[in-house]
Amino acid sequence: MSNRDRNLLPIKRHSLPKYTVLREYLHLLEHYPFEGVRTYCLIDAFAGTGEVFRTWDRKVMNGSSLLMGEFAKKACNLPTKCISVEANFPRFDQLENVLSQYSPVSECLCGDCNSEVINIFKKLSDDDFAFVFFDPDGLGNPPLQYATVKRALAHKNVEILLNFQWRAGLLRVLSKKTPGVMATITNFIGTATWKGIMRKRLPPEQKMRQLLKLYLRDFEKRFSNIQSLEIPPNSKIPQYFLVFATDRAHVADEIKRAMDDVRVQFYRRKRAILT
Ligand SMILES: C[S@@+](CC[C@H](N)C(=O)[O-])C[C@H]1O[C@@H](n2cnc3c(N)ncnc32)[C@H](O)[C@@H]1O
């Protein structure tokens, strides 16, 4: 069966750092477990197909849900449950198939993460640790709502990795002035004050920075450490930002180091291609 038949999600080379950061995070979680909690719940809110298809060399590699499943298997001393949510039926079928090897620690839910994530958190107590990976394509389909992210932020022991899509996400829709699109943006950002930023006479990069800051307002109140990486690394107007939030300073430092390494590697690779 071809990769196209298997409905695998295609990824571009610039997305490799997303997996580097996720792998690094799972490695840290395994070696520096979150202290004082009963169970670990890893939530892949935009799960995809488990495996992804690399468009540049036509290879298949593990996507986010498989990486989390592997973590649960390796870190068997930590009571872990992985929950993967996927809204698209054919992708869900593929996901369920590929994750069956990690059953029962890995569970797949077919549906909109906006309702599923809220249901998952209803079942968690303060003694449970949750890691949530929000990795939408564009704003999501259905779009990610700020209320969903806020529910995750309200959990006592939580760490978050979030893909804040700029070029294929907010930037693509910001110029559309229909009431429906404007309501979608307001639900996505959780406030209508983005309209004030858009009215300002500012260079595009500054508008982007202000919108990102607005989006992260509750992250900044909730977490003591936030790290972000622009994708592609070193780009001024990126495809997306990968935002990591935690209260654990040593984990934030390690993630920052991983992000800095990625920037250096990308810089070196680009220079090698040009010379
Ligand atoms: C960028 S892909 C995820 C890639 C995956 N995280 C990985 O790295 O292997 C986004 C996925 O989220 C799914 N999706 C979009 N909106 C969703 C929603 N509201 N709830 C759940 N899944 C959604 C899409 O069908 C797509 O498969």
# chains A, B, ... in the order shown; residues from 1 in each chain; ligands from 1
>>> residues_around(residues="A:Tyr19", least_positions_apart="5", cutoff="12 Å", atoms="only C-alpha atoms", output="list in words")
Ile11, Lys12, Arg13, His14, Glu24, Tyr25, Leu26, His27, Glu51, Val52, Met61, Asn62, Gly63, Ser64, Ser65, Leu66, Leu67, Met68, Phe133, Asp135, Leu161, Asn163, Ile231, Leu242, Ala258, Met259 and Val262 of chain A
>>> residues_near_ligand(ligand="ligand 1", cutoff="7 Å", atoms="only C-alpha atoms and all ligand atoms", output="ChimeraX atom specification")
/A:9,44-52,63-65,85-88,91,111-114,135-137,140-144
>>> atom_distance(atom1="atom CA of A:Thr193", atom2="atom CA of A:Leu174")
13.1 Å
>>> closest_residue(among="A:Ala249, A:Leu28, A:Val37, A:Val60", to="A:Leu124", atoms="only C-alpha atoms")
A:Val37
>>> closest_residue(among="A:Trp56, A:Phe134, A:Phe71, A:Tyr215", to="A:Val117", atoms="only C-alpha atoms")
A:Phe134
>>> select_by_dssp(residues="stretch 32-193 of chain A", states="strand (DSSP E or B)", output="ChimeraX atom specification")
/A:39-44,51-54,59-62,80-86,106-110,128-134,140,143,157-165
>>> atom_distance(atom1="atom CA of A:Leu139", atom2="atom CA of A:Asn187")
10.6 Å
>>> select_by_dssp(residues="stretch 11-225 of chain A", states="helix (DSSP H, G or I)", output="VMD selection string")
chain A and resid 13 to 31 64 to 74 89 to 102 113 to 123 146 to 153 166 to 174 179 to 189 194 to 199 204 to 215 217 to 222
>>> residues_around(residues="A:Gly196", least_positions_apart="3", cutoff="12 Å", atoms="only C-alpha atoms", output="MDAnalysis selection string")
chainID A and resid 191:193 199:202 207 210:211 214
>>> closest_atom_pairs(of="stretch 8-59 of chain A", to="stretch 73-82 of chain A", cutoff="6 Å", atoms="only C-alpha atoms", output="tab-separated table")
residue	atom	partner	partner_atom	distance
A:Glu30	CA	A:Ala75	CA	6.0
A:Thr39	CA	A:Pro79	CA	5.1
A:Tyr40	CA	A:Thr80	CA	4.6
A:Cys41	CA	A:Lys81	CA	4.9
A:Leu42	CA	A:Cys82	CA	4.6
A:Ile43	CA	A:Cys82	CA	5.9
>>> closest_residue(among="A:Val173, A:Ile83, A:Ile273, A:Ala183", to="A:Ser103", atoms="only C-alpha atoms")
A:Ile83
>>> atom_distance(atom1="atom CA of A:Glu220", atom2="atom CA of A:Ala245")
8.8 Å
